[in-house]
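Enquirer: As input, take protein_33.txt (compact mmCIF, C-alpha atoms):
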```txt
# COMPACT_ATOMS: atom_id res chain seq x y z
CA MET A 1 -26.04 -18.24 -18.16
CA VAL A 2 -23.05 -19.39 -16.15
CA VAL A 3 -20.24 -17.64 -14.27
CA LEU A 4 -16.76 -18.74 -15.36
CA VAL A 5 -14.03 -18.74 -12.69
CA VAL A 6 -10.59 -19.34 -14.20
CA ALA A 7 -7.47 -20.63 -12.45
CA THR A 8 -4.10 -21.90 -13.63
CA ALA A 9 -2.01 -24.70 -12.15
CA SER A 10 1.13 -22.70 -13.01
CA ASP A 11 0.40 -20.05 -10.34
CA PRO A 12 0.21 -20.83 -6.58
CA ALA A 13 -1.92 -17.71 -5.97
CA SER A 14 -4.40 -19.05 -8.53
CA VAL A 15 -4.52 -22.77 -7.82
CA GLY A 16 -4.56 -22.21 -4.03
CA PRO A 17 -7.85 -20.25 -3.95
CA ALA A 18 -9.27 -22.62 -6.59
CA ALA A 19 -8.48 -25.65 -4.40
CA ALA A 20 -10.03 -23.95 -1.35
CA PHE A 21 -13.12 -23.08 -3.42
CA LEU A 22 -13.41 -26.67 -4.72
CA ALA A 23 -13.17 -27.98 -1.14
CA MET A 24 -16.54 -26.35 -0.43
CA PRO A 25 -19.66 -28.48 -0.96
CA GLY A 26 -21.66 -29.02 -4.14
CA TRP A 27 -19.02 -29.53 -6.84
CA SER A 28 -19.07 -32.14 -9.57
CA PRO A 29 -16.77 -32.73 -12.56
CA GLY A 30 -17.49 -30.63 -15.64
CA PRO A 31 -16.85 -31.15 -19.35
CA PRO A 32 -13.38 -30.85 -20.88
CA ILE A 33 -13.25 -27.90 -23.23
CA SER A 34 -9.69 -28.35 -24.44
CA GLU A 35 -6.66 -30.56 -23.89
CA GLY A 36 -4.86 -29.65 -20.68
CA MET A 37 -7.97 -28.08 -19.14
CA GLU A 38 -10.38 -29.46 -16.55
CA SER A 39 -13.61 -28.03 -15.25
CA PHE A 40 -15.97 -28.28 -12.29
CA ILE A 41 -19.65 -27.40 -11.84
CA ASN A 42 -21.54 -26.01 -8.86
CA GLY A 43 -25.00 -24.55 -9.59
CA ASP A 44 -24.47 -21.90 -12.28
CA VAL A 45 -20.75 -21.55 -11.43
CA ARG A 46 -18.09 -23.17 -13.60
CA LEU A 47 -14.47 -23.40 -12.47
CA LEU A 48 -11.98 -23.89 -15.30
CA LYS A 49 -8.37 -24.88 -14.62
CA HIS A 50 -5.64 -24.75 -17.25
CA GLU A 51 -1.86 -25.00 -17.19
CA CYS A 52 -0.77 -21.87 -19.06
CA SER A 53 -0.11 -18.35 -17.86
CA ILE A 54 -3.36 -16.76 -16.65
CA ILE A 55 -3.00 -13.99 -19.26
CA ALA A 56 -2.21 -16.33 -22.16
CA GLU A 57 -5.57 -17.98 -22.85
CA ASP A 58 -7.76 -15.58 -24.84
CA ASP A 59 -11.49 -15.91 -25.52
CA LEU A 60 -12.18 -18.45 -22.75
CA ASP A 61 -15.79 -17.27 -22.45
CA LEU A 62 -16.44 -17.89 -26.14
CA ARG A 63 -14.51 -21.16 -26.05
CA TRP A 64 -16.58 -22.39 -23.09
CA GLN A 65 -19.76 -21.50 -24.93
CA ALA A 66 -18.63 -23.26 -28.11
CA ALA A 67 -17.65 -26.42 -26.20
CA THR A 68 -20.67 -26.67 -23.88
CA GLY A 69 -23.49 -24.60 -25.38
CA GLU A 70 -23.64 -22.57 -22.15
CA ASP A 71 -23.57 -18.78 -22.40
CA VAL A 72 -21.09 -17.12 -20.04
CA SER A 73 -22.33 -14.05 -18.14
CA GLU A 74 -18.99 -13.03 -16.60
CA VAL A 75 -15.42 -14.18 -16.06
CA ILE A 76 -13.42 -14.04 -12.81
CA PHE A 77 -9.69 -14.82 -12.95
CA LEU A 78 -7.62 -15.92 -9.94
CA SER A 79 -4.01 -14.78 -10.08
CA LYS A 80 -0.88 -13.70 -8.30
CA HIS A 81 0.01 -10.04 -7.91
CA THR A 82 3.53 -8.66 -8.05
CA ALA A 83 4.68 -5.29 -6.73
CA VAL A 84 7.98 -3.50 -6.28
CA SER A 85 7.07 -2.87 -2.64
CA ASN A 86 6.67 -6.65 -2.00
CA ARG A 87 3.86 -5.72 0.39
CA PRO A 88 1.27 -8.46 1.01
CA ALA A 89 -1.98 -7.52 -0.69
CA LEU A 90 -5.32 -8.83 -1.88
CA THR A 91 -6.48 -6.95 -4.96
CA VAL A 92 -9.32 -6.69 -7.47
CA HIS A 93 -9.28 -4.93 -10.83
CA PRO A 94 -10.64 -4.64 -14.37
CA ILE A 95 -8.49 -5.54 -17.36
CA GLY A 96 -7.42 -4.05 -20.66
CA VAL A 97 -4.61 -2.20 -22.41
CA PRO A 98 -6.57 0.70 -23.94
CA HIS A 99 -3.53 2.98 -24.14
CA LEU A 100 -1.49 0.81 -26.50
CA ARG A 101 -1.25 1.57 -30.22
CA GLU A 102 -2.00 -1.12 -32.78
CA ASP A 103 1.69 -1.49 -33.56
CA GLU A 104 2.60 -2.14 -29.91
CA THR A 105 2.80 -5.59 -28.35
CA PRO A 106 1.04 -5.88 -25.00
CA PRO A 107 3.63 -7.06 -22.45
CA GLN A 108 1.03 -9.01 -20.44
CA GLY A 109 -1.65 -10.13 -22.83
CA GLY A 110 -4.73 -8.43 -24.20
CA ARG A 111 -5.17 -6.65 -27.51
CA PRO A 112 -3.72 -3.17 -28.18
CA GLY A 113 -6.27 -0.42 -27.63
CA TRP A 114 -8.79 -2.80 -26.03
CA ALA A 115 -10.62 -2.59 -22.70
CA ALA A 116 -12.65 -5.53 -21.39
CA LEU A 117 -16.14 -5.03 -20.03
CA PRO A 118 -15.50 -4.38 -16.31
CA ASN A 119 -17.27 -6.81 -14.00
CA PRO A 120 -19.85 -4.91 -11.89
CA ARG A 121 -18.81 -7.00 -8.89
CA ILE A 122 -15.46 -5.17 -8.57
CA GLY A 123 -16.68 -2.51 -6.13
CA PRO A 124 -18.96 -4.76 -4.02
CA TRP A 125 -16.34 -7.52 -3.92
CA LEU A 126 -13.62 -5.09 -2.83
CA ARG A 127 -15.77 -4.34 0.21
CA LEU A 128 -16.64 -8.03 0.74
CA LEU A 129 -12.94 -8.89 0.50
CA GLN A 130 -12.13 -6.19 3.06
CA LYS A 131 -14.73 -7.61 5.49
CA ILE A 132 -13.61 -11.23 5.07
CA ALA A 133 -9.92 -10.31 5.35
CA VAL A 134 -10.61 -8.48 8.61
CA ASP A 135 -12.70 -11.37 9.94
CA GLN A 136 -9.94 -13.85 9.00
CA GLY A 137 -7.22 -11.77 10.69
CA LEU A 138 -5.39 -10.90 7.46
CA VAL A 139 -5.62 -7.14 8.08
CA PRO A 140 -3.43 -5.18 8.74
CA GLU A 141 -0.77 -7.58 7.39
CA PHE A 142 -2.45 -7.62 3.98
CA GLU A 143 -3.53 -4.47 2.19
CA ILE A 144 -6.94 -4.75 0.50
CA THR A 145 -6.96 -2.59 -2.60
CA LEU A 146 -8.12 -1.86 -6.10
CA GLU A 147 -5.68 -1.88 -8.98
CA ALA A 148 -5.93 0.13 -12.14
CA THR A 149 -6.98 -1.41 -15.46
CA HIS A 150 -4.13 -3.45 -16.94
CA HIS A 151 -3.13 -6.62 -18.85
CA GLY A 152 -5.13 -9.36 -20.59
CA PRO A 153 -6.32 -11.92 -21.58
CA VAL A 154 -8.98 -10.99 -24.14
CA THR A 155 -12.56 -11.63 -23.02
CA HIS A 156 -15.98 -10.67 -24.33
CA THR A 157 -18.06 -10.61 -21.14
CA PRO A 158 -17.70 -8.60 -17.89
CA THR A 159 -14.36 -9.54 -16.37
CA MET A 160 -12.34 -9.03 -13.20
CA PHE A 161 -9.15 -10.32 -11.60
CA VAL A 162 -8.85 -11.29 -7.92
CA GLU A 163 -5.22 -11.50 -6.85
CA ILE A 164 -2.91 -12.40 -3.97
CA GLY A 165 0.35 -10.46 -3.68
CA SER A 166 3.03 -9.65 -3.72
CA THR A 167 5.82 -12.28 -3.43
CA GLU A 168 6.16 -16.07 -3.47
CA GLU A 169 6.01 -16.06 0.32
CA TYR A 170 2.40 -14.82 0.14
CA TRP A 171 1.16 -16.37 -3.12
CA GLY A 172 0.94 -19.76 -1.44
CA ARG A 173 -0.53 -18.57 1.85
CA GLN A 174 -3.44 -20.85 2.73
CA ASP A 175 -5.22 -18.19 4.80
CA ALA A 176 -5.16 -15.77 1.86
CA ALA A 177 -6.40 -18.53 -0.47
CA GLN A 178 -9.22 -19.30 1.95
CA ALA A 179 -10.24 -15.63 2.06
CA ILE A 180 -10.45 -15.47 -1.74
CA ALA A 181 -12.44 -18.73 -1.79
CA LEU A 182 -14.89 -17.26 0.73
CA VAL A 183 -15.34 -14.17 -1.45
CA LEU A 184 -16.21 -16.45 -4.37
CA TRP A 185 -18.47 -18.66 -2.23
CA LYS A 186 -20.43 -15.79 -0.71
CA GLY A 187 -20.19 -13.40 -3.66
CA LEU A 188 -21.55 -15.91 -6.19
CA GLY A 189 -24.42 -16.90 -3.93
CA LEU A 190 -23.29 -20.46 -3.28
CA GLU A 191 -23.57 -20.02 0.49
CA GLU A 192 -27.08 -18.62 0.88
CA GLY A 193 -28.29 -18.02 -2.66
CA ASN A 194 -27.82 -14.24 -2.44
CA THR A 195 -25.11 -12.98 -4.76
CA VAL A 196 -23.01 -9.90 -4.01
CA GLY A 197 -22.54 -7.31 -6.72
CA SER A 198 -25.19 -8.28 -9.27
CA TRP A 199 -26.00 -5.20 -11.33
CA GLN A 200 -29.71 -4.42 -11.55
CA GLY A 201 -29.43 -1.32 -13.73
CA ASN A 202 -31.76 1.15 -12.07
CA GLY A 203 -29.99 4.42 -12.82
CA GLU A 204 -27.26 4.10 -10.20
CA LYS A 205 -23.98 5.97 -10.57
CA VAL A 206 -20.83 4.22 -11.75
CA LEU A 207 -17.34 5.63 -11.17
CA LEU A 208 -14.92 5.82 -14.11
CA GLY A 209 -11.54 6.55 -12.53
CA ILE A 210 -9.13 8.79 -14.43
CA GLY A 211 -5.60 9.49 -13.25
CA GLY A 212 -3.49 8.63 -10.25
CA GLY A 213 -1.21 5.72 -9.49
CA HIS A 214 -1.64 2.00 -10.03
CA TYR A 215 -3.50 1.47 -6.75
CA ALA A 216 -5.94 4.29 -7.46
CA PRO A 217 -5.92 5.77 -3.93
CA ARG A 218 -8.24 8.73 -4.64
CA HIS A 219 -10.74 6.48 -6.39
CA MET A 220 -10.30 3.83 -3.70
CA ASP A 221 -11.38 6.36 -1.06
CA ILE A 222 -14.78 6.50 -2.76
CA VAL A 223 -15.22 2.88 -3.87
CA ILE A 224 -14.56 1.46 -0.39
CA LYS A 225 -17.83 3.09 0.76
CA ASP A 226 -20.99 0.97 0.64
CA GLY A 227 -23.15 1.15 -2.48
CA ILE A 228 -20.48 2.47 -4.88
CA TRP A 229 -20.11 0.88 -8.31
CA VAL A 230 -16.87 1.12 -10.27
CA GLY A 231 -15.87 0.49 -13.87
CA HIS A 232 -12.49 1.10 -15.47
CA LEU A 233 -9.68 2.78 -13.57
CA LEU A 234 -7.18 4.54 -15.82
CA SER A 235 -3.92 5.35 -14.08
CA GLY A 236 -1.45 7.88 -15.44
CA TYR A 237 0.40 5.25 -17.48
CA SER A 238 -2.84 4.46 -19.35
CA LEU A 239 -3.17 8.11 -20.42
CA PRO A 240 -0.11 8.82 -22.59
CA MET A 241 -0.18 12.53 -23.47
CA GLU A 242 2.19 14.49 -25.68
CA VAL A 243 3.09 17.99 -24.51
CA PRO A 244 1.32 20.53 -26.78
CA PRO A 245 3.42 23.22 -28.55
CA GLN A 246 1.93 26.01 -26.42
CA GLY A 247 2.09 23.91 -23.29
CA ASN A 248 -1.42 24.70 -22.06
CA GLY A 249 -3.63 22.06 -23.72
CA LYS A 250 -6.85 24.00 -23.21
CA SER A 251 -8.33 22.11 -26.15
CA SER A 252 -8.14 18.34 -26.27
CA SER A 253 -7.22 18.54 -29.98
CA GLU A 254 -3.90 20.16 -29.07
CA VAL A 255 -2.68 17.18 -27.06
CA GLY A 256 -1.55 14.08 -28.94
CA GLY A 257 -1.15 10.53 -27.66
CA MET A 258 -3.41 7.56 -26.98
CA TRP A 259 -5.08 9.12 -23.94
CA LYS A 260 -8.30 10.03 -25.76
CA HIS A 261 -8.69 6.56 -27.20
CA SER A 262 -8.01 5.10 -23.75
CA ILE A 263 -10.73 7.21 -22.13
CA LYS A 264 -13.25 6.59 -24.93
CA VAL A 265 -12.97 2.79 -25.07
CA SER A 266 -12.90 2.53 -21.27
CA TYR A 267 -16.00 4.69 -20.97
CA ASP A 268 -17.79 2.70 -23.68
CA ALA A 269 -16.88 -0.61 -22.02
CA THR A 270 -18.02 0.65 -18.61
CA LYS A 271 -21.31 1.91 -20.03
CA ALA A 272 -21.91 -1.43 -21.75
CA ALA A 273 -21.16 -3.35 -18.53
CA PHE A 274 -23.62 -1.22 -16.52
CA PRO A 275 -26.72 -0.89 -18.72
CA GLY A 276 -29.08 1.70 -17.30
CA GLY A 277 -26.39 3.22 -15.10
CA GLU A 278 -24.93 6.73 -15.15
CA VAL A 279 -21.18 6.57 -15.75
CA ILE A 280 -19.47 9.53 -14.09
CA ALA A 281 -15.76 10.36 -14.41
CA HIS A 282 -13.77 10.93 -11.25
CA LEU A 283 -10.42 12.64 -11.74
CA ASP A 284 -7.42 12.38 -9.46
CA GLN A 285 -6.86 16.08 -10.01
CA LYS A 286 -3.53 16.37 -8.22
CA SER A 287 -1.95 13.70 -10.40
CA PHE A 288 -2.17 15.92 -13.50
CA LYS A 289 -0.31 18.98 -14.65
CA GLY A 290 -2.53 21.92 -15.53
CA TRP A 291 -2.41 21.38 -19.28
CA GLN A 292 -3.23 17.69 -18.85
CA LYS A 293 -6.23 18.37 -16.64
CA ASN A 294 -7.49 21.03 -19.06
CA ALA A 295 -7.25 18.67 -22.01
CA ILE A 296 -8.94 15.77 -20.20
CA MET A 297 -11.80 17.91 -18.89
CA SER A 298 -12.29 19.41 -22.36
CA TYR A 299 -12.44 15.95 -23.91
CA LEU A 300 -14.88 14.63 -21.31
CA GLN A 301 -17.14 17.59 -22.06
CA GLU A 302 -16.92 16.80 -25.79
CA LEU A 303 -18.13 13.26 -25.00
CA ASN A 304 -20.85 14.57 -22.65
CA ILE A 305 -19.34 12.60 -19.77
CA ARG A 306 -20.19 14.12 -16.42
CA ILE A 307 -17.26 14.86 -14.09
CA GLY A 308 -18.07 14.09 -10.46
CA LYS A 309 -16.66 14.99 -7.08
CA PRO A 310 -16.49 12.39 -4.26
CA ASN A 311 -19.85 13.40 -2.78
CA ASP A 312 -21.56 12.95 -6.16
CA PHE A 313 -21.13 9.17 -5.87
CA ILE A 314 -22.50 8.73 -2.37
```
Kindly return the structure encoded in the file as structure tokens.
Expert:
Amino acid sequence: MVVLVVATASDPASVGPAAAFLAMPGWSPGPPISEGMESFINGDVRLLKHECSIIAEDDLDLRWQAATGEDVSEVIFLSKHTAVSNRPALTVHPIGVPHLREDETPPQGGRPGWAALPNPRIGPWLRLLQKIAVDQGLVPEFEITLEATHHGPVTHTPTMFVEIGSTEEYWGRQDAAQAIALVLWKGLGLEEGNTVGSWQGNGEKVLLGIGGGHYAPRHMDIVIKDGIWVGHLLSGYSLPMEVPPQGNGKSSSEVGGMWKHSIKVSYDATKAAFPGGEVIAHLDQKSFKGWQKNAIMSYLQELNIRIGKPNDFI
């Protein structure tokens, strides 16, 4: 099994960390899997560079396997991050567009109604990224944060994005690229042989975030603590809910919209990515109106998904 790290030459926040990663020892050229792509090998890590948008190349894990015969255990994408605030940031997040109907076109890749398997490294690497960023002097200039589940491309193995934001001024920053490269180097065990964030599946708790804004602040408060695992993070925009006629939504059946599908596929993907773990929902309670919270809690109970408070994860 190999780990596939994916970068694109069309994005300075992708090719910069990839170049810094490739400058570390142990790399050799890898096989070409398609025209316009090149690859590099270091132990069980494979770095794949292409020239398209990072969200445009679907099924890269299956395509790597078909071209090389090597099974891919996980995929890690390197990318730029954009934000209205323009604040410099280093982010990690799972991917998917579980809230979109089949007749909708995803604006940034993926397949409508789909959630990728979340990479178990997301929580541990958030904390590793925080430590490295502090050590490298990037904090407090850069914010280190989770992002909610969003965009593509389609994958079939546990997946995460690691991003540099939020404007062109920061996408090409060499110190930020070096920090991301160090996360990859240490996190994938290329430095000392000890990986960071490998899931062992011994009944540990996994947070499924429901509600809140794109940067998941209430969930982030928990995940930043040592030993916390995190799966999908569904912000408010991934939970489209139609106001029920009575306006109270005490039963989940009274509230239309894609929110139930979004929760179900995200829970299923998280459970599949953390075999042997206990997936527990954590709600950003204050982000919901009363009828929304009632409907969500009712639906979680229907699915026998435990609802946890912050202390339940520690």
Enquirer: Name all residues at most 9 Å from Ala148 of chain A (count all atoms listed in the file; drop same-chain ones fewer than 3 positions away) and give them as a PyMOL selection string.
Expert: chain A and resi 92-95+209+213-216+232-235+238
Enquirer: Measuring atom to atom with all atoms listed in the file, identify which of A:Ala115, A:Val45, A:Val134, A:Ile224 is nearest to Val265 of chain A.
Expert: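 Looking at the shortest contact to Val265 of chain A, the residue is A:Ala115.
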Enquirer: Find, counting all atoms listed in the file, the residue in A:Leu138, A:Thr8, A:Leu48, A:Ser34 that gets nearest to Gln178 of chain A.
Expert: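 Of A:Leu138, A:Thr8, A:Leu48, A:Ser34, the one nearest Gln178 of chain A is A:Leu138, counting all atoms listed in the file.
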Enquirer: Would you mind reading off the distance between atom CA of Ser298 of chain A and atom CA of Ser252 of chain A, one decimal, in Å?
Expert: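 Calculated distance between atom CA of Ser298 of chain A and atom CA of Ser252 of chain A is 5.8 Å.
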Enquirer: Show me the residues close to (-6.5, 20.6, -18.9) - anything with an atom within 8 Å, counting all atoms listed in the file - and format the list as number ranges by chain.
Expert: A: 248-252, 289-298
Enquirer: Would you work out the distance separating atom CA of Asp175 of chain A from atom CA of Pro158 of chain A, expressed in Å to one decimal?
Expert: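 Distance between the two atoms: 27.6 Å.
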Enquirer: What's around Ile228 of chain A at 8 Å? Count all atoms listed in the file, leave out sequence neighbours fewer than 6 positions away in its own chain, and write the answer as a tab-separated table (two decimals) with C-alpha atoms, keeping the file's coordinate frame.
Expert:
```tsv
chain	number	residue	atom	x	y	z
A	123	GLY	CA	-16.68	-2.51	-6.13
A	124	PRO	CA	-18.96	-4.76	-4.02
A	205	LYS	CA	-23.98	5.97	-10.57
A	206	VAL	CA	-20.83	4.22	-11.75
A	207	LEU	CA	-17.34	5.63	-11.17
A	222	ILE	CA	-14.78	6.50	-2.76
A	313	PHE	CA	-21.13	9.17	-5.87
A	314	ILE	CA	-22.50	8.73	-2.37
```
Enquirer: Output as a PDB file, keeping the file's coordinate frame: segment 177-203 of chain A, completed with N, CA and C atoms.
Expert:
```pdb
ATOM      1  N   ALA A 177      -5.627 -17.733   0.483  1.00  0.00           N
ATOM      2  CA  ALA A 177      -6.400 -18.530  -0.470  1.00  0.00           C
ATOM      3  C   ALA A 177      -7.812 -18.776   0.057  1.00  0.00           C
ATOM      4  N   GLN A 178      -7.912 -19.053   1.347  1.00  0.00           N
ATOM      5  CA  GLN A 178      -9.220 -19.300   1.950  1.00  0.00           C
ATOM      6  C   GLN A 178     -10.086 -18.046   1.906  1.00  0.00           C
ATOM      7  N   ALA A 179      -9.484 -16.887   2.119  1.00  0.00           N
ATOM      8  CA  ALA A 179     -10.240 -15.630   2.060  1.00  0.00           C
ATOM      9  C   ALA A 179     -10.799 -15.387   0.665  1.00  0.00           C
ATOM     10  N   ILE A 180      -9.978 -15.635  -0.357  1.00  0.00           N
ATOM     11  CA  ILE A 180     -10.450 -15.470  -1.740  1.00  0.00           C
ATOM     12  C   ILE A 180     -11.567 -16.470  -2.031  1.00  0.00           C
ATOM     13  N   ALA A 181     -11.404 -17.713  -1.578  1.00  0.00           N
ATOM     14  CA  ALA A 181     -12.440 -18.730  -1.790  1.00  0.00           C
ATOM     15  C   ALA A 181     -13.754 -18.322  -1.135  1.00  0.00           C
ATOM     16  N   LEU A 182     -13.676 -17.718   0.048  1.00  0.00           N
ATOM     17  CA  LEU A 182     -14.890 -17.260   0.730  1.00  0.00           C
ATOM     18  C   LEU A 182     -15.566 -16.123  -0.028  1.00  0.00           C
ATOM     19  N   VAL A 183     -14.766 -15.238  -0.623  1.00  0.00           N
ATOM     20  CA  VAL A 183     -15.340 -14.170  -1.450  1.00  0.00           C
ATOM     21  C   VAL A 183     -16.119 -14.779  -2.613  1.00  0.00           C
ATOM     22  N   LEU A 184     -15.531 -15.776  -3.263  1.00  0.00           N
ATOM     23  CA  LEU A 184     -16.210 -16.450  -4.370  1.00  0.00           C
ATOM     24  C   LEU A 184     -17.481 -17.152  -3.880  1.00  0.00           C
ATOM     25  N   TRP A 185     -17.365 -17.878  -2.778  1.00  0.00           N
ATOM     26  CA  TRP A 185     -18.470 -18.660  -2.230  1.00  0.00           C
ATOM     27  C   TRP A 185     -19.653 -17.777  -1.855  1.00  0.00           C
ATOM     28  N   LYS A 186     -19.368 -16.708  -1.125  1.00  0.00           N
ATOM     29  CA  LYS A 186     -20.430 -15.790  -0.710  1.00  0.00           C
ATOM     30  C   LYS A 186     -20.869 -14.909  -1.874  1.00  0.00           C
ATOM     31  N   GLY A 187     -19.885 -14.379  -2.612  1.00  0.00           N
ATOM     32  CA  GLY A 187     -20.190 -13.400  -3.660  1.00  0.00           C
ATOM     33  C   GLY A 187     -20.995 -13.966  -4.805  1.00  0.00           C
ATOM     34  N   LEU A 188     -20.807 -15.265  -5.100  1.00  0.00           N
ATOM     35  CA  LEU A 188     -21.550 -15.910  -6.190  1.00  0.00           C
ATOM     36  C   LEU A 188     -22.821 -16.594  -5.717  1.00  0.00           C
ATOM     37  N   GLY A 189     -23.142 -16.403  -4.436  1.00  0.00           N
ATOM     38  CA  GLY A 189     -24.420 -16.900  -3.930  1.00  0.00           C
ATOM     39  C   GLY A 189     -24.466 -18.375  -3.641  1.00  0.00           C
ATOM     40  N   LEU A 190     -23.298 -19.022  -3.540  1.00  0.00           N
ATOM     41  CA  LEU A 190     -23.290 -20.460  -3.280  1.00  0.00           C
ATOM     42  C   LEU A 190     -23.536 -20.777  -1.808  1.00  0.00           C
ATOM     43  N   GLU A 191     -23.341 -19.787  -0.937  1.00  0.00           N
ATOM     44  CA  GLU A 191     -23.570 -20.020   0.490  1.00  0.00           C
ATOM     45  C   GLU A 191     -25.052 -19.939   0.837  1.00  0.00           C
ATOM     46  N   GLU A 192     -25.688 -18.829   0.480  1.00  0.00           N
ATOM     47  CA  GLU A 192     -27.080 -18.620   0.880  1.00  0.00           C
ATOM     48  C   GLU A 192     -28.005 -18.307  -0.285  1.00  0.00           C
ATOM     49  N   GLY A 193     -27.467 -18.312  -1.494  1.00  0.00           N
ATOM     50  CA  GLY A 193     -28.290 -18.020  -2.660  1.00  0.00           C
ATOM     51  C   GLY A 193     -28.370 -16.547  -3.019  1.00  0.00           C
ATOM     52  N   ASN A 194     -27.812 -15.676  -2.162  1.00  0.00           N
ATOM     53  CA  ASN A 194     -27.820 -14.240  -2.440  1.00  0.00           C
ATOM     54  C   ASN A 194     -26.454 -13.810  -2.948  1.00  0.00           C
ATOM     55  N   THR A 195     -26.387 -13.396  -4.208  1.00  0.00           N
ATOM     56  CA  THR A 195     -25.110 -12.980  -4.760  1.00  0.00           C
ATOM     57  C   THR A 195     -24.766 -11.572  -4.289  1.00  0.00           C
ATOM     58  N   VAL A 196     -23.494 -11.238  -4.365  1.00  0.00           N
ATOM     59  CA  VAL A 196     -23.010  -9.900  -4.010  1.00  0.00           C
ATOM     60  C   VAL A 196     -22.494  -9.235  -5.279  1.00  0.00           C
ATOM     61  N   GLY A 197     -23.048  -8.074  -5.593  1.00  0.00           N
ATOM     62  CA  GLY A 197     -22.540  -7.310  -6.720  1.00  0.00           C
ATOM     63  C   GLY A 197     -23.226  -7.561  -8.043  1.00  0.00           C
ATOM     64  N   SER A 198     -24.437  -8.116  -8.019  1.00  0.00           N
ATOM     65  CA  SER A 198     -25.190  -8.280  -9.270  1.00  0.00           C
ATOM     66  C   SER A 198     -25.800  -6.936  -9.662  1.00  0.00           C
ATOM     67  N   TRP A 199     -25.523  -6.490 -10.850  1.00  0.00           N
ATOM     68  CA  TRP A 199     -26.000  -5.200 -11.330  1.00  0.00           C
ATOM     69  C   TRP A 199     -27.456  -5.301 -11.764  1.00  0.00           C
ATOM     70  N   GLN A 200     -28.282  -4.410 -11.216  1.00  0.00           N
ATOM     71  CA  GLN A 200     -29.710  -4.420 -11.550  1.00  0.00           C
ATOM     72  C   GLN A 200     -30.086  -3.319 -12.539  1.00  0.00           C
ATOM     73  N   GLY A 201     -29.226  -2.322 -12.690  1.00  0.00           N
ATOM     74  CA  GLY A 201     -29.430  -1.320 -13.730  1.00  0.00           C
ATOM     75  C   GLY A 201     -30.580  -0.377 -13.518  1.00  0.00           C
ATOM     76  N   ASN A 202     -30.647   0.221 -12.333  1.00  0.00           N
ATOM     77  CA  ASN A 202     -31.760   1.150 -12.070  1.00  0.00           C
ATOM     78  C   ASN A 202     -31.277   2.584 -11.890  1.00  0.00           C
ATOM     79  N   GLY A 203     -30.409   3.019 -12.803  1.00  0.00           N
ATOM     80  CA  GLY A 203     -29.990   4.420 -12.820  1.00  0.00           C
ATOM     81  C   GLY A 203     -28.924   4.785 -11.817  1.00  0.00           C
TER      82      GLY A 203
END
```
